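One structure is given below, encoded as structure tokens.
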Amino acid sequence: MMSRISLVVCALALSAGIAQAQDAPPPPPPPAPDVVPAVPVATPPMAEPAPPMAPPPAPPPAPAWPPSVSFKSEASSGNTLKVGLLFQPQFQMLGSNELNGETYNLYIRRTRLLVAGTLFGQFEYFFDTDYPNLFLATNEGPTATAAATTTKATPGMNIQDAFITWKPMGDMIKIDAGYMLPPMAHNAVQGAGTLYSWDYFNFSFLSTANTLLGSTTSPVGRDAGVQFRGLWFDGHIDFRAALFQGLRVAETPGAAGDTPTTVGSDNFFRATGRLQINLLDPEPGFFYAGTYLGKKKILSFGITGDTQKSYHYYGGDVFADLPLGPGIFTAQVDVVHMTGGTFIPYVPGPPASGLPKQTAIMGEMGYNFDAIHVSPIVHAEYLWSQAPNQGHYGGGLAFWPYGHNSNLKAFYTRNTQAGAPHGDNQVNVQWQLYFL
């Protein structure tokens, strides 16, 4: 009897120790002495209790409307700010088709401050200023009341571009509003910092040169208006359609001393459009490039038109910028026809005024040897016009050690004009610094 009681006591003591180690509740009271206990079995360890669940994060506060704009550049919020510079110091030797000798100048072809960025991920903006041809000397012949003189262009800033772009459907639908380049021939929509030769073609902005559209100074092709553009079918279709201020008409009657009967500026706007077919990569930016230096494969065909009353401009262009062998082949041809009609009538001079009926063909071609970053380039232009025909032929070298950010270009051009005593020679050496 005692041995049984001893066994029971030992079993109870062992069970109590195990239970206490596991923080289990106390064991039931021991069985009566006359009950045979079961064989003791070790109790399996209890699972540790799960840690308490963290409370769910509080929902973010509802965004305020309209959303605030930060002056920081924060790509994650869709608000960015970029500040850039375009700086083109240049040497120029230029002859005259009427006088003997050549002029020599050291000046700044372009001095531009650029600001660009995005807002809320849907809006883009671009603004730049320029004082072109800073310190370029202008030779003025003698008159009846003054001797010959030379003046140098001195500082003063112009607004070069100023527009915003809304992208409600990304690159498919974009709306530009402001002061910008109209969608004309390819070279006329290129950015000045990404040109292939040392400058634009001579006849790219001929239809709106100087003050033909009523501006106080030359707008260098720009006009104020609104433009719809987009890229469709994976970028193979690039369309642009726009309305611009154009030339505003004067009050009528307009003769001195007459009493006006109709207000001025009551005419419809200037309408401009462009359609470009991209067989390979698209050109999604507002500004095209004269060369992408191997970053894109471009083969495009474009047509363009521009009209306001009896003023008409239309043309076509082909642009190629393709890897070929050890480098990049680049070529462009633009053909345009324009007439001022009775809206911008041509009056022969001197001095001539208005816009004559004329056709221009403009082209450039070159090859960039990628290993040494050097491009030999040739260019040629010819203008058939009611005014004297003109021609520009030449070529040169472009050295791209840092691409468009910093390059050096040296070009020779032979200039001719029908009826002039002789042609003249032109040499331009330009260093560019550009970033945005």
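Every chain in the structure tokens takes a letter, A first, then B, and so on in the order presented; its residues are numbered from 1, and the ligands are numbered from 1 following the presented order.
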Select from region 258-358 of chain A everything DSSP, run on the backbone, classes as strand (DSSP E), then give the selection as an mmCIF file with C-alpha atoms, in the first residue's frame.
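This is the output file states-v3.cif:
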data_model
loop_
_atom_site.group_PDB
_atom_site.id
_atom_site.type_symbol
_atom_site.label_atom_id
_atom_site.label_comp_id
_atom_site.auth_asym_id
_atom_site.auth_seq_id
_atom_site.Cartn_x
_atom_site.Cartn_y
_atom_site.Cartn_z
ATOM 1 C CA ARG A 270 -3.620 82.319 -88.706
ATOM 2 C CA ALA A 271 -4.144 78.533 -89.068
ATOM 3 C CA THR A 272 -1.156 76.195 -89.161
ATOM 4 C CA GLY A 273 -0.901 72.409 -89.302
ATOM 5 C CA ARG A 274 1.657 69.647 -89.634
ATOM 6 C CA LEU A 275 1.436 65.887 -90.171
ATOM 7 C CA GLN A 276 4.523 63.726 -89.766
ATOM 8 C CA ILE A 277 4.846 59.990 -90.410
ATOM 9 C CA ASN A 278 7.494 58.312 -88.240
ATOM 10 C CA ILE A 298 14.511 58.529 -87.011
ATOM 11 C CA LEU A 299 13.100 58.270 -90.506
ATOM 12 C CA SER A 300 10.195 60.648 -91.014
ATOM 13 C CA PHE A 301 8.156 62.323 -93.741
ATOM 14 C CA GLY A 302 6.251 65.528 -93.008
ATOM 15 C CA ILE A 303 3.819 67.904 -94.700
ATOM 16 C CA THR A 304 2.857 71.331 -93.405
ATOM 17 C CA GLY A 305 0.559 74.236 -94.215
ATOM 18 C CA ASP A 306 0.048 77.774 -92.928
ATOM 19 C CA THR A 307 -2.613 80.253 -94.055
ATOM 20 C CA GLN A 308 -4.314 83.529 -93.188
ATOM 21 C CA TYR A 311 -1.212 84.464 -97.301
ATOM 22 C CA HIS A 312 -0.298 80.791 -97.887
ATOM 23 C CA TYR A 313 2.649 78.590 -96.985
ATOM 24 C CA TYR A 314 2.956 74.859 -97.574
ATOM 25 C CA GLY A 315 5.739 72.332 -97.872
ATOM 26 C CA GLY A 316 7.160 68.907 -97.166
ATOM 27 C CA ASP A 317 10.269 67.468 -95.564
ATOM 28 C CA VAL A 318 12.244 64.263 -95.098
ATOM 29 C CA PHE A 319 14.446 63.666 -92.063
ATOM 30 C CA ALA A 320 16.795 60.725 -91.346
ATOM 31 C CA ASP A 321 19.008 60.188 -88.317
ATOM 32 C CA LEU A 322 20.152 56.551 -88.316
ATOM 33 C CA PRO A 323 23.014 54.362 -87.113
ATOM 34 C CA LEU A 324 25.062 53.280 -90.107
ATOM 35 C CA GLY A 327 28.615 56.054 -86.855
ATOM 36 C CA ILE A 328 25.409 57.953 -87.505
ATOM 37 C CA PHE A 329 24.062 59.168 -90.846
ATOM 38 C CA THR A 330 21.977 62.355 -90.713
ATOM 39 C CA ALA A 331 20.166 64.094 -93.581
ATOM 40 C CA GLN A 332 17.302 66.515 -94.006
ATOM 41 C CA VAL A 333 15.547 68.135 -96.970
ATOM 42 C CA ASP A 334 12.812 70.784 -96.604
ATOM 43 C CA VAL A 335 10.883 72.186 -99.580
ATOM 44 C CA VAL A 336 8.468 75.075 -98.964
ATOM 45 C CA HIS A 337 6.411 77.479 -101.080
ATOM 46 C CA MET A 338 4.937 80.744 -99.825
ATOM 47 C CA THR A 339 3.147 83.852 -101.009
ATOM 48 C CA GLN A 358 8.818 82.147 -103.641
#
Just want the 9 Å neighbourhood of region 116-118 of chain A, counted on only C-alpha atoms, with same-chain residues fewer than 5 positions away dropped. Output as a list in words. Ser73, Ala75, Gly78, Asn79, Thr80, Leu81, Lys82, Val83, Gly84, Phe123, Glu124, Tyr125, Phe126, Phe127, Asp128 and Leu436 of chain A
Take the residues just selected and output them with C-alpha atoms as a short mmCIF file (atom, residue, chain, number, x, y, z; two decimals), in the first residue's frame.
data_model
loop_
_atom_site.label_atom_id
_atom_site.label_comp_id
_atom_site.auth_asym_id
_atom_site.auth_seq_id
_atom_site.Cartn_x
_atom_site.Cartn_y
_atom_site.Cartn_z
CA SER A 73 11.99 69.69 -57.80
CA ALA A 75 9.55 64.06 -59.37
CA GLY A 78 4.92 65.44 -60.46
CA ASN A 79 6.38 68.91 -59.79
CA THR A 80 9.79 69.56 -61.30
CA LEU A 81 11.90 72.60 -62.06
CA LYS A 82 14.87 72.77 -64.42
CA VAL A 83 17.05 75.78 -65.12
CA GLY A 84 19.34 75.83 -68.15
CA PHE A 123 1.34 70.16 -67.12
CA GLU A 124 4.65 71.14 -68.69
CA TYR A 125 6.06 74.62 -69.05
CA PHE A 126 8.91 76.19 -70.98
CA PHE A 127 10.27 79.73 -70.90
CA ASP A 128 13.48 81.22 -72.21
CA LEU A 436 18.59 71.99 -69.36
#
Could you tell me how far CA of Leu231 (chain A) sits from CA of Thr165 (chain A), in Å to one decimal place? 14.3 Å
Give me the region 77-180 of chain A side of the contact with region 421-430 of chain A, cut-off 12 Å, one line per residue showing its nearest atom pair and distance in Å at one decimal, counting only C-alpha atoms, sorted by chain and residue number, as a tab-separated table.
residue	atom	partner	partner_atom	distance
A:Phe87	CA	A:Gln430	CA	10.0
A:Gln88	CA	A:Gln430	CA	6.3
A:Pro89	CA	A:Gln430	CA	5.9
A:Gln90	CA	A:Gln430	CA	4.4
A:Phe91	CA	A:Val429	CA	5.2
A:Gln92	CA	A:Asn428	CA	4.6
A:Met93	CA	A:Val427	CA	5.0
A:Leu94	CA	A:Gln426	CA	4.5
A:Gly95	CA	A:Asp424	CA	4.9
A:Ser96	CA	A:Asp424	CA	5.4
A:Asn97	CA	A:Gly423	CA	4.9
A:Glu98	CA	A:Pro421	CA	5.7
A:Leu99	CA	A:Pro421	CA	8.5
A:Asn100	CA	A:Asp424	CA	9.1
A:Gly101	CA	A:Asp424	CA	9.0
A:Glu102	CA	A:Asn425	CA	8.0
A:Thr103	CA	A:Gln426	CA	9.4
A:Tyr104	CA	A:Val427	CA	9.5
A:Asn105	CA	A:Asn428	CA	9.8
A:Leu106	CA	A:Val429	CA	9.7
A:Tyr107	CA	A:Gln430	CA	9.9
A:Ile108	CA	A:Gln430	CA	9.1
A:Arg109	CA	A:Gln430	CA	8.4
A:Arg110	CA	A:Gln430	CA	10.5
Excluding same-chain residues fewer than 6 positions from Thr149 (chain A), what lies within 9 Å of it counting only C-alpha atoms, as a list in words? Thr138, Asn139, Glu140, Gly141 and Pro142 of chain A
Go ahead and save the picked residues with N, CA and C atoms, as an mmCIF file, in the first residue's frame.
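Wrote selection-v9.cif, looks like this:
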data_model
loop_
_atom_site.group_PDB
_atom_site.id
_atom_site.type_symbol
_atom_site.label_atom_id
_atom_site.label_comp_id
_atom_site.auth_asym_id
_atom_site.auth_seq_id
_atom_site.Cartn_x
_atom_site.Cartn_y
_atom_site.Cartn_z
ATOM 1 N N THR A 138 27.231 96.186 -86.670
ATOM 2 C CA THR A 138 26.436 96.480 -87.862
ATOM 3 C C THR A 138 27.062 97.682 -88.567
ATOM 4 N N ASN A 139 27.405 97.496 -89.847
ATOM 5 C CA ASN A 139 28.017 98.572 -90.623
ATOM 6 C C ASN A 139 26.923 99.356 -91.340
ATOM 7 N N GLU A 140 26.902 100.651 -91.118
ATOM 8 C CA GLU A 140 25.898 101.519 -91.717
ATOM 9 C C GLU A 140 26.586 102.521 -92.627
ATOM 10 N N GLY A 141 26.167 102.545 -93.875
ATOM 11 C CA GLY A 141 26.785 103.431 -94.856
ATOM 12 C C GLY A 141 26.460 104.894 -94.617
ATOM 13 N N PRO A 142 27.163 105.769 -95.308
ATOM 14 C CA PRO A 142 26.915 107.212 -95.135
ATOM 15 C C PRO A 142 25.582 107.624 -95.734
#
Closest atom pairs, region 304-366 of chain A residues within 7 Å of region 201-218 of chain A, only C-alpha atoms, as JSON lines:
{"residue": "A:Met338", "atom": "CA", "partner": "A:Ser207", "partner_atom": "CA", "distance": 6.7}
{"residue": "A:Gly354", "atom": "CA", "partner": "A:Leu212", "partner_atom": "CA", "distance": 6.6}
{"residue": "A:Leu355", "atom": "CA", "partner": "A:Ser207", "partner_atom": "CA", "distance": 6.9}
{"residue": "A:Ala360", "atom": "CA", "partner": "A:Phe203", "partner_atom": "CA", "distance": 6.9}
{"residue": "A:Met362", "atom": "CA", "partner": "A:Phe201", "partner_atom": "CA", "distance": 6.7}
With C-alpha atoms retained, export the selected residues as a PDB file, in the first residue's frame.
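Done, and the output landed in selection11.pdb:
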ATOM      1  CA  MET A 338       4.937  80.744 -99.825  1.00  0.00           C
ATOM      2  CA  GLY A 354       5.845  92.396 -98.097  1.00  0.00           C
ATOM      3  CA  LEU A 355       6.188  88.705 -98.881  1.00  0.00           C
ATOM      4  CA  ALA A 360      12.874  77.338-101.227  1.00  0.00           C
ATOM      5  CA  MET A 362      16.973  73.513 -98.079  1.00  0.00           C
TER       6      MET A 362
END
